[in-house]
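Right, one structure below, let's go through it.
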Number of protein chains: 4
Amino acid sequence: MIIVMQAAAGRPELDAVVARVEQLGLRPHVIVGTERTVVAVVGDERDAAGSGVETLPGVAAVMPILAPYKVASREVQTEPTVVRAGPMVVGGSTIGVIAGPCSVESREQILAAARAVKAAGATGLRGGAFKPRTSPYAFQGLKQQGLELLAEARAETGLAIVTEVVAPEDVPLVARFADVLQVGARNMQNYRLLEAVGGTDRPVLLKRGPAATVEELLLAAEYILNAGNRAVMLCERGIRTFEAHTRFTLPLATVPWLHARTHLPVVVDPSHGTGHAALVPSLAAASVAAGADGLIIEVHPDPRTAASDGGQSLDFAAFARTMDTCRRVAAAVDRSIG
Amino acid sequence: MIIVMQAAAGRPELDAVVARVEQLGLRPHVIVGTERTVVAVVGDERDAAGSGVETLPGVAAVMPILAPYKVASREVQTEPTVVRAGPMVVGGSTIGVIAGPCSVESREQILAAARAVKAAGATGLRGGAFKPRTSPYAFQGLKQQGLELLAEARAETGLAIVTEVVAPEDVPLVARFADVLQVGARNMQNYRLLEAVGGTDRPVLLKRGPAATVEELLLAAEYILNAGNRAVMLCERGIRTFEAHTRFTLPLATVPWLHARTHLPVVVDPSHGTGHAALVPSLAAASVAAGADGLIIEVHPDPRTAASDGGQSLDFAAFARTMDTCRRVAAAVDRSIG
Amino acid sequence: MIIVMQAAAGRPELDAVVARVEQLGLRPHVIVGTERTVVAVVGDERDAAGSGVETLPGVAAVMPILAPYKVASREVQTEPTVVRAGPMVVGGSTIGVIAGPCSVESREQILAAARAVKAAGATGLRGGAFKPRTSPYAFQGLKQQGLELLAEARAETGLAIVTEVVAPEDVPLVARFADVLQVGARNMQNYRLLEAVGGTDRPVLLKRGPAATVEELLLAAEYILNAGNRAVMLCERGIRTFEAHTRFTLPLATVPWLHARTHLPVVVDPSHGTGHAALVPSLAAASVAAGADGLIIEVHPDPRTAASDGGQSLDFAAFARTMDTCRRVAAAVDRSIG
Amino acid sequence: MIIVMQAAAGRPELDAVVARVEQLGLRPHVIVGTERTVVAVVGDERDAAGSGVETLPGVAAVMPILAPYKVASREVQTEPTVVRAGPMVVGGSTIGVIAGPCSVESREQILAAARAVKAAGATGLRGGAFKPRTSPYAFQGLKQQGLELLAEARAETGLAIVTEVVAPEDVPLVARFADVLQVGARNMQNYRLLEAVGGTDRPVLLKRGPAATVEELLLAAEYILNAGNRAVMLCERGIRTFEAHTRFTLPLATVPWLHARTHLPVVVDPSHGTGHAALVPSLAAASVAAGADGLIIEVHPDPRTAASDGGQSLDFAAFARTMDTCRRVAAAVDRSIG
């Protein structure tokens, strides 16, 4: 932690800052500059979070030095974490692709989707049974029936089932059917839910909230890791910006930035990240080129009749073409899909 | 709903769109323009949400006409909702002020804060017992003990207790102690929680998520209203933007915009909205001038030792001065505080 | 400047950083922390801007300590700058109000506007003669004829003329007619233009660009100040965020933040800041309560027929009511208008 | 244009809207819905820009139907524009790569850079001679001497010279030396400059402003196209968002979105788009996978000593490796570099 004093601050203010730092069990180093004095603080500043140093008289700014996350950090574990669920491998040299409809709508729909995405090379099947919806008037999912249909699709195809859990009390039920528990973007900072999925032995796909910084994403992962579950996949699915021509803005620089700081694998969601089926194939390929360890893509037998997110879902043919391109791009960056 | 066809779309695409609209139980009106054809759709388009019309061949864009919320709308109830809890009145000609520390830390702290904010004119006491924290390493609140201390402060001062509830399973406990249930910004789209507070008879203070649009805020309120609870206060507490000199960016235009569209009262939080105690007094006064029906302000006996949010908390003297200014500004816009 | 080393950095990397700092004429202080080593650099780090220290092997981050602006800083001049132009006073205890149409359209229009805004208490008249327009198909202004009409309005009413200059080569012409030169938001980083207006004896109204940080705004002001012109007014007119219900998002925390760091007065533009006439009165009052030294408001004899920005222009009656409210709010914060 | 009436609007308001539309020379179609009445307007609504219809009593909203740009539109020219300058081809099946230092610093530096980037496969050489800098205290470029050094580099290597022009009065000078005129992000809406480069026979590289929408980028291009210059390359270089770990946020969905709407080629700048050399290689590859027609990358003989932007510049070895990867990715999406 670096404490920058105001230009007008005098000796008494500096002494008070030094005293407060020592009281926190940290060691202060005072450096008198040409225009400013700064106090460099040695020790684990995470212990000083919320200590109010920034409100002391004469303090202009406080700048943290240490990353606020620990277990997720590359400095703790240098080799990348590889997450496995059934046939799905996410991380290392392998890129896992999770595909399927936004919502499970019917037996026919989810089985058709499962067969098609498997044929095209996906190893995970997505499909929402519990749907958090912005509007109370929108379709909220088939719930347990949806989970049973997903299990039936797994029985037939062998695909790993990836589905969202929206509340701590649903975790046991969803974990009974699902291979991977998805925490949605709206719930990235629902700490009870993070702790609940952290208490299971299921891998977790943690989606970045649309206003979350990458540090906040890593701190949310830290909740799950701290609860004992080390199989966490981070998912970039787009942030909220002033851009209105896409549903969200998909910042692919997240991928190499996270790779440099965490051992956890990074999955990209070009469907929510763009909101338009026409943009998904290009962004899926770009995600692979950027180094993504996985993709999650919305695919529907007939996007025109989808109960949710039809506008951003690929049909089977478009998904198969997208997978072909992604396989070629993966080879170009020395990775493989599947 | 207005469906805009692509310039290159022909008769068959148009016919397919018309057929789909009729199949949804809505009535299409085709208008052939100089460069584009549009289909104006008559009927309750909320029934067509997620109907996938935007994915039909030849469709360039689909634009909704109706606001997606109903019960919250001024078109449903023209007179403003006034929320009351003990001595606190929020809405109409009266501005309610909720003040107190970020977290309940000790008996001394919360009682001292309660006395001071009451003396300065607040009618509500804030104080977090369950704290959702970005970092798992930060102080998470005193939980039930904190609620009991808040109840003690109410017994002494009469102030209405406003405190956050972070999970549906905590709602009965928190509702037993609190006068107003606060739903935090991170939980604005935690639909289970919205439904749970909607099932109580306690007024709810619903905070805007930092990436939520105002329409999404109103739809979140709609979940609570639909569950049967009509005493909802909306709270603007700042959004995430590129600005880094404030913790969030506080957009006060939200206040008159919401007033024109909803009957629900609007509270502003200048503490989280700026993140710096030095900026809070000016923004509190500005919120009143903008038409806010309430303020929620962090006040701490000694911000330098606060367990959380010390940097944005006012001390007692600064809060008293801020209240004086706000009272004068309220009078200037024909409102009163208290 | 604080240089944070990577956890994995060793002695050779540290030595290279120290050597580079010394080569830049600055003094390094090495502080070995529990997890990280940092190098605190003493000296005028502005001389090291772009020195590439952040690219040295082993460097994790470089954090500046000093504000990058000098002449605009409160540390250089503690008393606030008051800008005067004819009857208009901006700063100190007085709030100046500049009002008028977006564009000068005709003799009748600008004279009617001038009379009305003067009657309501404005001391400055705005009106665009050179209009930078997003679309090449939109009205671009009356140019010199517009300037002549503004001068005629001044001759009759005595109001100070505030009008935009869009290119360095136009500065002599515009300065011949105008009392205040406005640099528009699109031109905030048009450095040739900043230098050109800095070379005149006319006060300058410098608008914040919609993606500019407050530091960048102060650095743009610094270009003008450095060219010799000390009469600079900063103008907050809204930033680009994800919010779509307003044209821009108006962050009033800018006002007290700037007042703490610069002696230059701060003007707020609630017309561009909201984009909707219905929101302007509330935000004008809020700006005054937040401490603004001036307001700039679009007023048009008949907004429905305006050649530009009709949707955000007040008519005469609405402007007069807004001024009444602002006067009362100004008194409540111990300021006066006019 | 679709005009949505307020629910409370009556017959007189509707009649006034219809009358105004007819007065603008457009044809109104009134559609009475279940909750709202809308007026669909037929005719070239670009003629009605700024007509103030949105301010008429009873109007809730006005939604444009037509894209505001014309000449840049795919509907006007379906085949893609291919821009050529010396050996550089941007568009069609060929991806052009422009590389070189942020600023021209010396003869040795620019010649070394030119040789290295040519050897690695670039066809264009970038290098700033006129530098727009945020701070007046930063290096502002070698100006004409820089242009002469660029010309010398071209004489030796044959590379096309791409350099920024910052003011209309500099256009003749820069056009005498440069093969491609770059309009920087800060100048995207400097209309005099757009018209000036539009009056030359040099291809133009037009950078997106960090707060500009894609529609505003196309309208800026429209200024150049309208001035007679059809060789315009659009450049995505990142937008301003709340993300602070990258200099800007690079939204690659821009590439396929623009390709669907304009015939102009799209270049991506991963150097400014990320601001960190470590992120550039991944984002360069991702840009190619997303369909970019060109790349512009900062490369410096010794980034640690660069006069500007050292932190985001690749050294020669990193650039050569990046080009190898990009070539492989280009082949994977059926394109080639060079």
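Scheme for the structure tokens: letters A, B, ... for chains in order shown; per-chain residue numbers from 1; ligand numbers from 1 in order shown.
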
Per-residue nearest contacts chain D to chain B, cut-off 6 Å, using only C-alpha atoms, as a Markdown table:
```
| residue | atom | partner | partner_atom | distance |
| --- | --- | --- | --- | --- |
| D:Gly33 | CA | B:Val42 | CA | 4.9 |
| D:Thr34 | CA | B:Gly43 | CA | 5.5 |
| D:Val42 | CA | B:Gly33 | CA | 4.9 |
| D:Gly43 | CA | B:Thr34 | CA | 5.5 |
| D:Thr241 | CA | B:Phe242 | CA | 4.7 |
| D:Phe242 | CA | B:Phe242 | CA | 3.9 |
```

(request) DSSP on the backbone, then: every residue of region 93-245 of chain C marked strand (DSSP E or B), written as an MDAnalysis selection string. (result) chainID C and resid 94:100 103 124:126 128 160:164 180:183 204:207 232:236 239

Can you tell me, as a CSV table (one decimal) with N, CA and C atoms, in the first residue's frame, what residues are no more than 7 Å from Val267 (chain C) when counting only C-alpha atoms, ignoring any on the same chain fewer than 6 positions away?
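Heads up, here's the output in part.csv:
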```csv
chain,number,residue,atom,x,y,z
C,233,MET,N,-12.9,28.6,-18.4
C,233,MET,CA,-14.0,28.0,-17.6
C,233,MET,C,-14.1,26.6,-18.1
C,234,LEU,N,-14.1,25.6,-17.1
C,234,LEU,CA,-14.3,24.2,-17.5
C,234,LEU,C,-15.8,24.0,-17.5
C,235,CYS,N,-16.2,23.1,-18.5
C,235,CYS,CA,-17.7,22.8,-18.6
C,235,CYS,C,-17.9,21.3,-18.6
C,236,GLU,N,-18.7,20.9,-17.6
C,236,GLU,CA,-19.2,19.5,-17.5
C,236,GLU,C,-20.5,19.4,-18.3
C,292,ALA,N,-22.0,24.5,-8.8
C,292,ALA,CA,-21.6,25.0,-10.2
C,292,ALA,C,-21.4,26.5,-10.1
C,293,ASP,N,-20.4,27.0,-10.8
C,293,ASP,CA,-20.1,28.5,-10.9
C,293,ASP,C,-20.9,29.1,-12.1
C,294,GLY,N,-21.4,28.2,-13.0
C,294,GLY,CA,-22.2,28.7,-14.1
C,294,GLY,C,-23.0,27.6,-14.7
C,295,LEU,N,-24.0,28.1,-15.5
C,295,LEU,CA,-24.9,27.1,-16.2
C,295,LEU,C,-24.9,27.6,-17.7
```

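Between CA of Ala119 (chain C) and CA of Val266 (chain C) the separation is 23.9 Å.
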
(request) Find the spatial neighbours of Arg237 (chain A), counting only C-alpha atoms, within a cut-off of 8 Å - ignore same-chain residues fewer than 3 positions away - and output them as a PyMOL selection string. (result) chain A and resi 207-208+210+248+250+268-273

How would the residues just picked look written out with N, CA and C atoms as a CSV table (one decimal), in the first residue's frame?
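Result file follows (again-v1.csv):
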```
chain,number,residue,atom,x,y,z
A,207,LYS,N,-19.7,-16.9,-14.4
A,207,LYS,CA,-19.8,-15.9,-15.4
A,207,LYS,C,-19.5,-14.5,-14.8
A,208,ARG,N,-18.8,-13.7,-15.6
A,208,ARG,CA,-18.5,-12.3,-15.2
A,208,ARG,C,-19.7,-11.5,-15.2
A,210,PRO,N,-21.8,-8.0,-15.8
A,210,PRO,CA,-21.6,-7.1,-16.9
A,210,PRO,C,-21.0,-5.8,-16.4
A,248,PHE,N,-24.0,-6.7,-25.4
A,248,PHE,CA,-22.9,-6.4,-24.5
A,248,PHE,C,-21.6,-6.1,-25.3
A,250,LEU,N,-17.9,-7.4,-25.9
A,250,LEU,CA,-17.1,-8.6,-25.5
A,250,LEU,C,-15.6,-8.2,-25.5
A,268,VAL,N,-15.2,-18.3,-23.1
A,268,VAL,CA,-15.8,-17.1,-23.6
A,268,VAL,C,-17.2,-17.5,-24.1
A,269,ASP,N,-18.1,-16.6,-23.9
A,269,ASP,CA,-19.5,-16.7,-24.4
A,269,ASP,C,-19.8,-15.7,-25.5
A,270,PRO,N,-19.6,-16.0,-26.7
A,270,PRO,CA,-19.8,-15.0,-27.8
A,270,PRO,C,-21.3,-14.8,-28.1
A,271,SER,N,-22.2,-15.6,-27.5
A,271,SER,CA,-23.6,-15.5,-27.8
A,271,SER,C,-24.1,-14.3,-27.0
A,272,HIS,N,-24.0,-14.3,-25.6
A,272,HIS,CA,-24.4,-13.2,-24.8
A,272,HIS,C,-23.4,-12.0,-25.1
A,273,GLY,N,-22.2,-12.3,-25.4
A,273,GLY,CA,-21.2,-11.2,-25.6
A,273,GLY,C,-21.6,-10.3,-26.8
```

(message) My list of candidates is A:Arg327, A:Lys70, A:Arg261, A:Arg230. Which is closest to His245 (chain D) when distances are computed with only C-alpha atoms?
(response)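 Using only C-alpha atoms, His245 (chain D) sits closest to A:Arg261.
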
(message) I'd like the neighbourhood of Ala286 (chain D) as a ChimeraX atom specification, where a residue qualifies if any of its atoms comes within 12 Å (using only C-alpha atoms), though same-chain residues fewer than 6 positions away should be ignored.
(response) /A:251-253,255-256,282-292,326,329-330,332-333 /D:250-253,255,268-270,279-280,292,295,322,325-330,332-333

Please dump the current selection as a compact mmCIF listing (two decimals), in the first residue's frame; keep N, CA and C atoms.
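As written to disk, out-v2.txt reads:
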```txt
# COMPACT_ATOMS: atom_id res chain seq x y z
N PRO A 251 -14.94 -8.09 -24.38
CA PRO A 251 -13.54 -7.63 -24.35
C PRO A 251 -12.58 -8.82 -24.30
N LEU A 252 -12.09 -9.23 -25.45
CA LEU A 252 -11.29 -10.46 -25.48
C LEU A 252 -9.92 -10.32 -24.83
N ALA A 253 -9.48 -9.08 -24.58
CA ALA A 253 -8.22 -8.92 -23.85
C ALA A 253 -8.29 -9.53 -22.47
N VAL A 255 -8.91 -12.48 -21.84
CA VAL A 255 -8.35 -13.84 -21.89
C VAL A 255 -6.85 -13.84 -21.58
N PRO A 256 -6.02 -13.14 -22.36
CA PRO A 256 -4.59 -13.17 -22.00
C PRO A 256 -4.30 -12.47 -20.66
N SER A 282 -17.83 -15.14 -36.00
CA SER A 282 -16.56 -14.40 -36.02
C SER A 282 -15.98 -14.27 -34.62
N LEU A 283 -16.85 -14.01 -33.65
CA LEU A 283 -16.32 -13.80 -32.29
C LEU A 283 -15.92 -15.12 -31.64
N ALA A 284 -16.56 -16.22 -32.02
CA ALA A 284 -16.12 -17.52 -31.52
C ALA A 284 -14.70 -17.80 -32.02
N ALA A 285 -14.47 -17.58 -33.30
CA ALA A 285 -13.14 -17.79 -33.86
C ALA A 285 -12.12 -16.85 -33.20
N ALA A 286 -12.52 -15.62 -32.99
CA ALA A 286 -11.61 -14.66 -32.36
C ALA A 286 -11.28 -15.07 -30.94
N SER A 287 -12.25 -15.63 -30.23
CA SER A 287 -12.01 -16.06 -28.85
C SER A 287 -10.95 -17.16 -28.82
N VAL A 288 -11.07 -18.09 -29.75
CA VAL A 288 -10.08 -19.17 -29.83
C VAL A 288 -8.70 -18.58 -30.13
N ALA A 289 -8.64 -17.67 -31.07
CA ALA A 289 -7.36 -17.06 -31.41
C ALA A 289 -6.78 -16.29 -30.23
N ALA A 290 -7.65 -15.71 -29.41
CA ALA A 290 -7.19 -14.94 -28.25
C ALA A 290 -6.70 -15.84 -27.12
N GLY A 291 -6.95 -17.15 -27.24
CA GLY A 291 -6.42 -18.08 -26.24
C GLY A 291 -7.46 -18.68 -25.31
N ALA A 292 -8.74 -18.54 -25.65
CA ALA A 292 -9.78 -19.09 -24.77
C ALA A 292 -9.59 -20.58 -24.58
N CYS A 326 -13.48 -22.80 -36.04
CA CYS A 326 -12.78 -22.75 -34.75
C CYS A 326 -11.71 -23.83 -34.67
N VAL A 329 -8.76 -22.52 -36.56
CA VAL A 329 -8.08 -21.45 -35.82
C VAL A 329 -7.34 -22.03 -34.61
N ALA A 330 -7.96 -23.00 -33.95
CA ALA A 330 -7.30 -23.63 -32.80
C ALA A 330 -5.97 -24.25 -33.22
N ALA A 332 -4.15 -23.31 -35.61
CA ALA A 332 -3.21 -22.23 -35.92
C ALA A 332 -2.55 -21.65 -34.67
N VAL A 333 -3.19 -21.82 -33.53
CA VAL A 333 -2.57 -21.35 -32.27
C VAL A 333 -2.15 -22.54 -31.40
N LEU D 250 -11.20 -3.25 -26.32
CA LEU D 250 -11.20 -3.48 -27.77
C LEU D 250 -12.38 -4.38 -28.14
N PRO D 251 -13.41 -3.83 -28.77
CA PRO D 251 -14.62 -4.60 -29.06
C PRO D 251 -14.57 -5.18 -30.47
N LEU D 252 -14.14 -6.43 -30.59
CA LEU D 252 -13.94 -6.98 -31.94
C LEU D 252 -15.23 -7.27 -32.68
N ALA D 253 -16.37 -7.25 -31.99
CA ALA D 253 -17.64 -7.42 -32.71
C ALA D 253 -17.85 -6.29 -33.71
N VAL D 255 -15.97 -5.56 -36.02
CA VAL D 255 -15.51 -5.98 -37.35
C VAL D 255 -16.64 -6.63 -38.15
N VAL D 268 -7.81 -3.09 -37.43
CA VAL D 268 -7.84 -3.11 -35.96
C VAL D 268 -6.47 -2.73 -35.40
N ASP D 269 -6.49 -1.97 -34.32
CA ASP D 269 -5.26 -1.52 -33.65
C ASP D 269 -5.20 -2.16 -32.26
N PRO D 270 -4.54 -3.33 -32.15
CA PRO D 270 -4.49 -3.99 -30.84
C PRO D 270 -3.52 -3.31 -29.88
N LEU D 279 -0.38 -8.10 -24.19
CA LEU D 279 -1.71 -8.50 -24.67
C LEU D 279 -1.84 -8.38 -26.19
N VAL D 280 -0.89 -7.69 -26.82
CA VAL D 280 -1.03 -7.39 -28.25
C VAL D 280 -1.03 -8.64 -29.12
N ALA D 292 -10.76 -8.99 -39.53
CA ALA D 292 -10.15 -7.69 -39.83
C ALA D 292 -9.48 -7.70 -41.20
N LEU D 295 -4.25 -4.67 -39.86
CA LEU D 295 -3.81 -4.48 -38.48
C LEU D 295 -2.87 -3.29 -38.48
N THR D 322 4.38 -12.60 -33.63
CA THR D 322 2.97 -12.24 -33.81
C THR D 322 2.56 -12.41 -35.26
N THR D 325 2.02 -16.08 -36.14
CA THR D 325 0.71 -16.57 -35.68
C THR D 325 -0.42 -16.01 -36.53
N CYS D 326 -0.35 -14.72 -36.82
CA CYS D 326 -1.42 -14.09 -37.60
C CYS D 326 -1.52 -14.71 -39.00
N ARG D 327 -0.39 -15.04 -39.58
CA ARG D 327 -0.42 -15.68 -40.90
C ARG D 327 -1.17 -17.01 -40.83
N ARG D 328 -0.90 -17.78 -39.77
CA ARG D 328 -1.57 -19.08 -39.63
C ARG D 328 -3.06 -18.90 -39.38
N VAL D 329 -3.40 -17.93 -38.56
CA VAL D 329 -4.83 -17.69 -38.30
C VAL D 329 -5.52 -17.19 -39.56
N ALA D 330 -4.84 -16.32 -40.30
CA ALA D 330 -5.42 -15.81 -41.55
C ALA D 330 -5.74 -16.97 -42.49
N ALA D 332 -6.41 -19.94 -41.65
CA ALA D 332 -7.54 -20.70 -41.09
C ALA D 332 -8.89 -20.06 -41.41
N VAL D 333 -8.91 -18.76 -41.71
CA VAL D 333 -10.17 -18.11 -42.09
C VAL D 333 -10.14 -17.69 -43.56
```

(message) Report, in Å to a single decimal, how far apart CA of Gly96 (chain A) and CA of Val214 (chain A) are.
(response) 21.9 Å

(request) Any chance you could list, as a list in words, the residues in region 178-222 of chain B that come up helix (DSSP H, G or I) when DSSP is run on the backbone? (result) Ala185, Arg186, Asn187, Tyr191, Arg192, Leu193, Leu194, Glu195, Ala196, Val197, Gly198, Val214, Glu215, Glu216, Leu217, Leu218, Leu219, Ala220, Ala221 and Glu222 of chain B

(request) Extract, using only C-alpha atoms, all DNA, RNA and protein residues at most 10 Å from region 140-142 of chain C, discarding same-chain residues fewer than 4 positions from it, and format them as an MDAnalysis selection string. (result) chainID C and resid 102:106 127:136 146:149 307:308

(request) Name all residues at most 7 Å from Leu111 (chain D) (count only C-alpha atoms; drop same-chain ones fewer than 4 positions away) and give them as a count of residues only. (result) 3

(request) One decimal, Å: what's the distance from CA of Asn190 (chain B) over to CA of Ala212 (chain B), could you say? (result)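 Rounded to one decimal, the two atoms are 12.7 Å apart.
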